[in-house]
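Okay, start_31.tsv is below, TSV, C-alpha atoms:
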chain	number	residue	atom	x	y	z
H	1	MET	CA	0.00	0.00	0.00
H	2	ASN	CA	1.32	3.42	-0.98
H	3	SER	CA	1.69	5.52	2.17
H	4	GLU	CA	1.22	9.18	1.38
H	5	LYS	CA	3.20	11.64	3.49
H	6	ARG	CA	0.84	13.56	5.76
H	7	SER	CA	1.17	17.31	5.62
H	8	ILE	CA	2.46	19.04	8.74
H	9	LEU	CA	-0.12	21.33	10.31
H	10	LEU	CA	0.81	24.71	11.75
H	11	PHE	CA	-1.16	27.48	13.42
H	12	GLU	CA	-1.17	31.10	14.48
H	13	THR	CA	-2.97	32.42	17.56
H	14	VAL	CA	-4.22	35.95	17.00
H	15	ARG	CA	-5.52	38.22	19.74
H	16	VAL	CA	-8.70	39.97	18.62
H	17	SER	CA	-10.05	42.75	20.82
H	18	ARG	CA	-13.08	44.87	19.87
H	19	PHE	CA	-13.10	43.16	16.46
H	20	LYS	CA	-9.51	44.26	15.77
H	21	PRO	CA	-6.76	41.63	15.21
H	22	GLU	CA	-3.53	42.66	16.93
H	23	ASN	CA	0.06	42.29	15.69
H	24	LEU	CA	-1.24	40.77	12.44
H	25	ASP	CA	1.78	41.80	10.34
H	26	PHE	CA	4.07	39.74	12.58
H	27	HIS	CA	1.74	36.71	12.48
H	28	LEU	CA	1.66	36.94	8.68
H	29	ARG	CA	5.42	37.23	8.48
H	30	ARG	CA	5.96	34.14	10.64
H	31	ALA	CA	3.29	32.12	8.81
H	32	GLN	CA	4.76	33.05	5.41
H	33	ALA	CA	8.24	31.96	6.59
H	34	SER	CA	6.85	28.68	7.99
H	35	THR	CA	5.40	27.46	4.68
H	36	SER	CA	7.11	26.16	1.56
H	37	ASN	CA	5.66	28.82	-0.77
H	38	GLY	CA	3.94	31.34	1.51
H	39	LEU	CA	0.27	31.44	2.51
H	40	ARG	CA	-2.36	30.60	-0.09
H	41	PHE	CA	-5.15	32.38	1.78
H	42	ASP	CA	-5.82	35.81	3.20
H	43	MET	CA	-5.37	35.47	6.96
H	44	ALA	CA	-7.12	38.76	7.72
H	45	SER	CA	-10.26	37.61	5.89
H	46	VAL	CA	-10.70	34.46	8.02
H	47	ILE	CA	-10.46	36.34	11.32
H	48	ALA	CA	-13.99	37.07	12.47
H	49	VAL	CA	-15.35	37.11	16.02
H	50	PRO	CA	-18.96	37.17	17.28
H	51	ASP	CA	-18.75	40.32	19.40
H	52	GLU	CA	-16.38	43.02	20.65
H	53	GLY	CA	-14.96	40.92	23.52
H	54	LEU	CA	-11.42	39.56	23.80
H	55	TYR	CA	-10.91	36.47	21.65
H	56	ARG	CA	-8.21	33.93	20.90
H	57	VAL	CA	-8.47	33.10	17.21
H	58	LYS	CA	-6.52	30.01	16.18
H	59	ILE	CA	-5.86	29.78	12.44
H	60	ILE	CA	-4.73	26.33	11.31
H	61	TYR	CA	-2.94	25.86	8.00
H	62	ASP	CA	-0.66	23.27	6.40
H	63	GLU	CA	2.99	23.60	5.43
H	64	GLN	CA	1.99	24.25	1.81
H	65	GLY	CA	0.14	27.36	3.02
H	66	ASN	CA	-3.42	26.07	2.63
H	67	PHE	CA	-6.10	27.16	5.10
H	68	ILE	CA	-7.48	24.26	7.17
H	69	GLU	CA	-9.75	25.78	9.81
H	70	LYS	CA	-10.33	28.57	12.30
H	71	GLN	CA	-11.20	28.25	15.99
H	72	CYS	CA	-12.45	31.19	18.03
H	73	LEU	CA	-12.64	31.18	21.83
H	74	PRO	CA	-13.13	33.86	24.48
H	75	TYR	CA	-9.81	34.46	26.23
H	76	LYS	CA	-9.00	34.36	29.93
H	77	LYS	CA	-5.41	34.87	31.06
H	78	ARG	CA	-3.77	32.11	33.10
H	79	GLU	CA	-2.00	33.31	36.25
H	80	ILE	CA	1.64	32.26	36.62
H	81	LYS	CA	3.14	32.50	40.09
H	82	SER	CA	5.67	29.64	39.89
H	83	ILE	CA	7.90	28.11	37.22
H	84	ARG	CA	9.85	24.83	37.18
H	85	LEU	CA	13.06	24.72	35.11
H	86	LEU	CA	13.35	21.60	32.93
H	87	SER	CA	16.23	20.56	30.69
H	88	SER	CA	15.23	19.26	27.27
H	89	ASP	CA	16.52	19.08	23.69
H	90	ILE	CA	13.01	19.72	22.31
H	91	ASN	CA	12.74	21.31	18.86
H	92	TYR	CA	9.78	23.64	18.18
H	93	ASP	CA	11.10	26.07	15.57
H	94	ARG	CA	7.73	26.47	13.83
H	95	LYS	CA	4.29	26.83	15.45
H	96	TYR	CA	3.31	23.18	15.01
H	97	LEU	CA	-0.27	22.14	15.75
H	98	ASP	CA	1.15	18.99	17.34
H	99	ARG	CA	2.33	20.27	20.71
H	100	SER	CA	2.59	16.84	22.36
H	101	ALA	CA	6.30	17.27	23.19
H	102	ILE	CA	5.58	20.60	24.88
H	103	GLY	CA	2.57	19.03	26.60
H	104	SER	CA	4.83	16.28	28.00
H	105	LEU	CA	7.15	18.90	29.49
H	106	PHE	CA	4.23	20.89	30.89
H	107	ALA	CA	2.95	17.69	32.56
H	108	GLN	CA	6.22	17.62	34.56
H	109	ARG	CA	5.55	20.99	36.20
H	110	GLY	CA	4.66	19.35	39.53
H	111	ASP	CA	3.25	21.94	41.94
H	112	CYS	CA	4.31	24.83	39.67
H	113	ASP	CA	2.07	26.77	37.27
H	114	GLU	CA	4.45	26.61	34.31
H	115	VAL	CA	7.70	25.14	33.00
H	116	LEU	CA	10.72	26.94	31.53
H	117	VAL	CA	12.76	24.87	29.09
H	118	VAL	CA	16.55	24.96	29.43
H	119	LYS	CA	18.59	23.76	26.41
H	120	ASN	CA	22.35	23.30	26.63
H	121	GLY	CA	22.34	25.25	29.91
H	122	LEU	CA	20.53	28.27	28.41
H	123	LEU	CA	16.97	29.54	28.80
H	124	THR	CA	14.55	29.14	25.89
H	125	ASP	CA	10.77	29.52	26.46
H	126	THR	CA	7.94	28.47	28.75
H	127	SER	CA	5.26	26.17	27.32
H	128	ILE	CA	3.19	29.17	26.19
H	129	ALA	CA	5.43	32.22	26.09
H	130	ASN	CA	8.80	33.78	25.39
H	131	ILE	CA	10.66	35.03	28.46
H	132	ALA	CA	12.66	38.17	29.20
H	133	ILE	CA	14.80	39.24	32.12
H	134	ARG	CA	15.76	42.72	33.26
H	135	SER	CA	19.41	43.20	34.12
H	136	LYS	CA	21.42	46.44	34.42
H	137	ASP	CA	18.39	48.50	33.34
H	138	SER	CA	17.87	46.60	30.06
H	139	TRP	CA	15.51	43.83	29.01
H	140	PHE	CA	17.03	40.68	27.47
H	141	THR	CA	15.40	37.67	25.82
H	142	PRO	CA	17.04	34.33	24.90
H	143	ARG	CA	18.97	34.53	21.64
H	144	ILE	CA	17.71	31.06	20.67
H	145	PRO	CA	14.10	30.60	21.86
H	146	LEU	CA	12.05	27.52	21.10
H	147	LEU	CA	9.85	29.73	18.91
H	148	LYS	CA	10.27	33.31	17.77
H	149	GLY	CA	7.06	34.81	19.11
H	150	THR	CA	5.33	37.72	17.42
H	151	VAL	CA	5.47	40.05	20.45
H	152	ARG	CA	9.14	39.15	20.95
H	153	GLU	CA	9.95	39.98	17.33
H	154	ARG	CA	8.09	43.29	17.47
H	155	MET	CA	9.82	44.34	20.68
H	156	ILE	CA	13.25	43.44	19.29
H	157	GLU	CA	12.55	45.54	16.18
H	158	GLN	CA	11.44	48.42	18.41
H	159	HIS	CA	14.72	48.10	20.39
H	160	LEU	CA	12.82	47.36	23.61
H	161	LEU	CA	14.41	43.90	23.92
H	162	GLN	CA	17.92	42.63	23.23
H	163	GLU	CA	18.79	39.04	22.34
H	164	LYS	CA	21.48	37.24	24.32
H	165	ASP	CA	22.31	33.83	25.73
H	166	ILE	CA	20.84	33.71	29.25
H	167	SER	CA	22.01	31.21	31.85
H	168	VAL	CA	19.98	29.86	34.77
H	169	ALA	CA	22.22	31.88	37.12
H	170	GLU	CA	21.34	35.08	35.23
H	171	LEU	CA	17.65	34.24	35.54
H	172	LEU	CA	17.96	33.74	39.29
H	173	GLU	CA	19.82	37.06	39.66
H	174	ALA	CA	17.50	39.06	37.37
H	175	GLU	CA	16.01	42.33	38.59
H	176	LYS	CA	12.69	41.46	36.91
H	177	ILE	CA	11.23	38.62	34.84
H	178	ALA	CA	8.56	38.97	32.16
H	179	LEU	CA	6.63	36.72	29.81
H	180	MET	CA	5.18	37.59	26.43
H	181	ASN	CA	2.93	35.99	23.86
H	182	ALA	CA	0.29	37.03	21.36
H	183	MET	CA	-2.53	36.92	23.89
H	184	THR	CA	-0.94	38.51	26.95
H	185	GLY	CA	1.49	40.92	25.36
H	186	PHE	CA	4.56	41.70	27.51
H	187	TYR	CA	3.94	41.50	31.24
H	188	GLU	CA	6.12	41.34	34.34
H	189	LEU	CA	5.76	38.50	36.83
H	190	GLU	CA	5.47	39.55	40.46
H	191	ASN	CA	6.88	37.44	43.33
H	192	LEU	CA	7.71	34.55	40.99
H	193	ARG	CA	8.78	31.28	42.61
H	194	ILE	CA	11.38	29.41	40.53
H	195	LYS	CA	12.09	25.72	41.07
H	196	THR	CA	15.35	24.37	39.65
H	197	GLU	CA	15.73	20.71	38.70
Rewrite the structure of this file - the entire thing - as structure tokens.
Amino acid sequence: MNSEKRSILLFETVRVSRFKPENLDFHLRRAQASTSNGLRFDMASVIAVPDEGLYRVKIIYDEQGNFIEKQCLPYKKREIKSIRLLSSDINYDRKYLDRSAIGSLFAQRGDCDEVLVVKNGLLTDTSIANIAIRSKDSWFTPRIPLLKGTVRERMIEQHLLQEKDISVAELLEAEKIALMNAMTGFYELENLRIKTE
């Protein structure tokens, strides 16, 4: 029997507030770069929400750039007060729909709210967000994250964030710690508890 290679599915999560999609240019840029020949659909045209509330719109497409489906859910931010550091060689360089490897790491969080993946001794990302630390009056984000998030990319272009290799020791000594993703934007974590392995 001829086994046909199954197409890899990818997605973008777009924050839509008062009917307006946010950071769309950066989502489009990442989606275009993730496909073999760019997107074959107009992302802006598939984003529609039922009312002016805050929505998480998930746009699923394949690696050839074809639209698969859209999911739209009201959004509620998850509180993060504690993070467990976990070492892993996970690869998540595109926004794959299959997040089972990340899910496996998240399942190891124990009594913490979130995990922070450490690769080769350096910080990468949490299961849902890029991270930044404040040191010497500047904000830094890992030079090699698991995934280049849209808020991260925008803030780097605006010179609000600098990329650098960040060790666990630098995290523990940081003046402030922040997370960022498409839904939450950039926000500082207060009184964060960090558990090392």
Practice prompt. Fewer than 2 positions away in the same chain doesn't count, so skip those; otherwise give me all residues within 10 Å of Ile68 of chain H, counting all atoms listed in the file, as a list in words.
Written response: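 Counting only the stated atoms, we get Leu9, Leu10, Phe11, Ile59, Ile60, Tyr61, Asp62, Gly65, Asn66 and Lys70 of chain H.
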Fill in: Atom pair atom CA of Ile156 of chain H / atom CA of Val16 of chain H: separation (Å)
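Those two atoms sit 22.2 Å apart.
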Give me, as CSV, the closest atom pair and its distance (Å, one decimal) for every residue of segment 39-89 of chain H within a cut-off of 9 Å of segment 121-137 of chain H, counting all atoms listed in the file, rows sorted by chain and rising number.
residue,atom,partner,partner_atom,distance
H:Ile83,CA,H:Thr126,CA,8.5
H:Leu85,CA,H:Leu123,CA,8.9
H:Ser87,CA,H:Gly121,CA,7.7
Worksheet item: Between H:Ser34, H:Asn23, H:Asp113, H:Glu12, which one has atoms that come closest to Glu69 of chain H, using all atoms listed in the file?
Response: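 Checking each of H:Ser34, H:Asn23, H:Asp113, H:Glu12 against Glu69 of chain H, counting all atoms listed in the file, the winner is H:Glu12.
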Practice prompt. Please identify all polymer residues within 7 Å of Glu114 of chain H, counting only C-alpha atoms, omitting same-chain residues fewer than 5 positions from it, and present them as a PyMOL selection string.
Written response: chain H and resi 80+82-84+106+109+126
Selected residues written out, C-alpha atoms, as a compact mmCIF listing (two decimals), in the frame of the given file:
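See selection08.txt below for the written result:
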# COMPACT_ATOMS: atom_id res chain seq x y z
CA ILE H 80 1.64 32.26 36.62
CA SER H 82 5.67 29.64 39.89
CA ILE H 83 7.90 28.11 37.22
CA ARG H 84 9.85 24.83 37.18
CA PHE H 106 4.23 20.89 30.89
CA ARG H 109 5.55 20.99 36.20
CA THR H 126 7.94 28.47 28.75
Worksheet item: Closest to Pro142 of chain H among H:Ser104, H:Gln32, H:Ser167, H:Asn120, using all atoms listed in the file?
Response: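 Between H:Ser104, H:Gln32, H:Ser167, H:Asn120, the residue approaching Pro142 of chain H most closely is H:Ser167.
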Practice prompt. May I ask which of the residues H:Ala174, H:Leu39, H:Val49, H:Leu179 is the closest one to Ser17 of chain H, counting only C-alpha atoms?
Written response: H:Val49
Worksheet entry | H:Thr150, H:Ser100, H:Asn91, H:Gln158 ranked by distance to Leu28 of chain H, top pick (using only C-alpha atoms) |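 The closest residue to Leu28 of chain H is H:Thr150.
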Discussion item. Under the rule that all atoms listed in the file are counted, which of H:Leu73, H:Leu171, H:Lys81, H:Val57 is the nearest residue to Glu190 of chain H?
Written reply: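 Ranked by minimum distance to Glu190 of chain H, first place goes to H:Lys81.
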Because some atoms of segment 11-43 of chain H are absent here, can you restore N, CA and C atoms and send them as a PDB file, in the frame of the given file?
ATOM      1  N   PHE H  11      -0.088  26.562  13.048  1.00  0.00           N
ATOM      2  CA  PHE H  11      -1.160  27.480  13.420  1.00  0.00           C
ATOM      3  C   PHE H  11      -0.596  28.811  13.902  1.00  0.00           C
ATOM      4  N   GLU H  12      -1.445  29.802  13.892  1.00  0.00           N
ATOM      5  CA  GLU H  12      -1.170  31.100  14.480  1.00  0.00           C
ATOM      6  C   GLU H  12      -2.308  31.412  15.458  1.00  0.00           C
ATOM      7  N   THR H  13      -1.967  31.971  16.600  1.00  0.00           N
ATOM      8  CA  THR H  13      -2.970  32.420  17.560  1.00  0.00           C
ATOM      9  C   THR H  13      -2.987  33.938  17.539  1.00  0.00           C
ATOM     10  N   VAL H  14      -4.102  34.496  17.146  1.00  0.00           N
ATOM     11  CA  VAL H  14      -4.220  35.950  17.000  1.00  0.00           C
ATOM     12  C   VAL H  14      -5.148  36.499  18.084  1.00  0.00           C
ATOM     13  N   ARG H  15      -4.684  37.524  18.755  1.00  0.00           N
ATOM     14  CA  ARG H  15      -5.520  38.220  19.740  1.00  0.00           C
ATOM     15  C   ARG H  15      -6.436  39.188  18.993  1.00  0.00           C
ATOM     16  N   VAL H  16      -7.727  39.071  19.249  1.00  0.00           N
ATOM     17  CA  VAL H  16      -8.700  39.970  18.620  1.00  0.00           C
ATOM     18  C   VAL H  16      -9.480  40.653  19.740  1.00  0.00           C
ATOM     19  N   SER H  17      -9.372  41.965  19.808  1.00  0.00           N
ATOM     20  CA  SER H  17     -10.050  42.750  20.820  1.00  0.00           C
ATOM     21  C   SER H  17     -10.881  43.833  20.142  1.00  0.00           C
ATOM     22  N   ARG H  18     -12.154  43.914  20.489  1.00  0.00           N
ATOM     23  CA  ARG H  18     -13.080  44.870  19.870  1.00  0.00           C
ATOM     24  C   ARG H  18     -13.051  44.762  18.346  1.00  0.00           C
ATOM     25  N   PHE H  19     -13.082  43.529  17.886  1.00  0.00           N
ATOM     26  CA  PHE H  19     -13.100  43.160  16.460  1.00  0.00           C
ATOM     27  C   PHE H  19     -11.772  43.394  15.747  1.00  0.00           C
ATOM     28  N   LYS H  20     -10.759  43.920  16.449  1.00  0.00           N
ATOM     29  CA  LYS H  20      -9.510  44.260  15.770  1.00  0.00           C
ATOM     30  C   LYS H  20      -8.414  43.219  16.059  1.00  0.00           C
ATOM     31  N   PRO H  21      -7.887  42.546  15.003  1.00  0.00           N
ATOM     32  CA  PRO H  21      -6.760  41.630  15.210  1.00  0.00           C
ATOM     33  C   PRO H  21      -5.492  42.421  15.529  1.00  0.00           C
ATOM     34  N   GLU H  22      -4.725  41.940  16.505  1.00  0.00           N
ATOM     35  CA  GLU H  22      -3.530  42.660  16.930  1.00  0.00           C
ATOM     36  C   GLU H  22      -2.258  41.974  16.417  1.00  0.00           C
ATOM     37  N   ASN H  23      -1.260  42.792  16.097  1.00  0.00           N
ATOM     38  CA  ASN H  23       0.060  42.290  15.690  1.00  0.00           C
ATOM     39  C   ASN H  23      -0.002  41.425  14.426  1.00  0.00           C
ATOM     40  N   LEU H  24      -0.994  41.652  13.580  1.00  0.00           N
ATOM     41  CA  LEU H  24      -1.240  40.770  12.440  1.00  0.00           C
ATOM     42  C   LEU H  24      -0.067  40.701  11.473  1.00  0.00           C
ATOM     43  N   ASP H  25       0.632  41.808  11.260  1.00  0.00           N
ATOM     44  CA  ASP H  25       1.780  41.800  10.340  1.00  0.00           C
ATOM     45  C   ASP H  25       2.836  40.783  10.770  1.00  0.00           C
ATOM     46  N   PHE H  26       3.059  40.671  12.080  1.00  0.00           N
ATOM     47  CA  PHE H  26       4.070  39.740  12.580  1.00  0.00           C
ATOM     48  C   PHE H  26       3.596  38.294  12.480  1.00  0.00           C
ATOM     49  N   HIS H  27       2.293  38.056  12.674  1.00  0.00           N
ATOM     50  CA  HIS H  27       1.740  36.710  12.480  1.00  0.00           C
ATOM     51  C   HIS H  27       1.876  36.308  11.010  1.00  0.00           C
ATOM     52  N   LEU H  28       1.550  37.225  10.112  1.00  0.00           N
ATOM     53  CA  LEU H  28       1.660  36.940   8.680  1.00  0.00           C
ATOM     54  C   LEU H  28       3.092  36.631   8.282  1.00  0.00           C
ATOM     55  N   ARG H  29       4.006  37.413   8.802  1.00  0.00           N
ATOM     56  CA  ARG H  29       5.420  37.230   8.480  1.00  0.00           C
ATOM     57  C   ARG H  29       5.899  35.840   8.914  1.00  0.00           C
ATOM     58  N   ARG H  30       5.520  35.451  10.154  1.00  0.00           N
ATOM     59  CA  ARG H  30       5.960  34.140  10.640  1.00  0.00           C
ATOM     60  C   ARG H  30       5.300  33.015   9.847  1.00  0.00           C
ATOM     61  N   ALA H  31       3.998  33.154   9.573  1.00  0.00           N
ATOM     62  CA  ALA H  31       3.290  32.120   8.810  1.00  0.00           C
ATOM     63  C   ALA H  31       3.874  31.972   7.407  1.00  0.00           C
ATOM     64  N   GLN H  32       4.166  33.094   6.759  1.00  0.00           N
ATOM     65  CA  GLN H  32       4.760  33.050   5.410  1.00  0.00           C
ATOM     66  C   GLN H  32       6.104  32.306   5.450  1.00  0.00           C
ATOM     67  N   ALA H  33       6.911  32.589   6.475  1.00  0.00           N
ATOM     68  CA  ALA H  33       8.240  31.960   6.590  1.00  0.00           C
ATOM     69  C   ALA H  33       8.143  30.476   6.959  1.00  0.00           C
ATOM     70  N   SER H  34       7.019  30.059   7.544  1.00  0.00           N
ATOM     71  CA  SER H  34       6.850  28.680   7.990  1.00  0.00           C
ATOM     72  C   SER H  34       6.400  27.734   6.889  1.00  0.00           C
ATOM     73  N   THR H  35       5.927  28.285   5.770  1.00  0.00           N
ATOM     74  CA  THR H  35       5.400  27.460   4.680  1.00  0.00           C
ATOM     75  C   THR H  35       6.417  27.349   3.550  1.00  0.00           C
ATOM     76  N   SER H  36       6.172  26.380   2.662  1.00  0.00           N
ATOM     77  CA  SER H  36       7.110  26.160   1.560  1.00  0.00           C
ATOM     78  C   SER H  36       7.032  27.257   0.504  1.00  0.00           C
ATOM     79  N   ASN H  37       5.831  27.778   0.255  1.00  0.00           N
ATOM     80  CA  ASN H  37       5.660  28.820  -0.770  1.00  0.00           C
ATOM     81  C   ASN H  37       4.773  29.961  -0.295  1.00  0.00           C
ATOM     82  N   GLY H  38       4.782  30.266   0.990  1.00  0.00           N
ATOM     83  CA  GLY H  38       3.940  31.340   1.510  1.00  0.00           C
ATOM     84  C   GLY H  38       2.495  30.893   1.699  1.00  0.00           C
ATOM     85  N   LEU H  39       1.682  31.761   2.263  1.00  0.00           N
ATOM     86  CA  LEU H  39       0.270  31.440   2.510  1.00  0.00           C
ATOM     87  C   LEU H  39      -0.532  31.517   1.217  1.00  0.00           C
ATOM     88  N   ARG H  40      -1.485  30.604   1.081  1.00  0.00           N
ATOM     89  CA  ARG H  40      -2.360  30.600  -0.090  1.00  0.00           C
ATOM     90  C   ARG H  40      -3.760  31.096   0.257  1.00  0.00           C
ATOM     91  N   PHE H  41      -3.865  31.811   1.375  1.00  0.00           N
ATOM     92  CA  PHE H  41      -5.150  32.380   1.780  1.00  0.00           C
ATOM     93  C   PHE H  41      -4.893  33.706   2.467  1.00  0.00           C
ATOM     94  N   ASP H  42      -5.931  34.505   2.563  1.00  0.00           N
ATOM     95  CA  ASP H  42      -5.820  35.810   3.200  1.00  0.00           C
ATOM     96  C   ASP H  42      -6.179  35.653   4.683  1.00  0.00           C
ATOM     97  N   MET H  43      -5.155  35.700   5.541  1.00  0.00           N
ATOM     98  CA  MET H  43      -5.370  35.470   6.960  1.00  0.00           C
ATOM     99  C   MET H  43      -6.367  36.476   7.551  1.00  0.00           C
TER     100      MET H  43
END
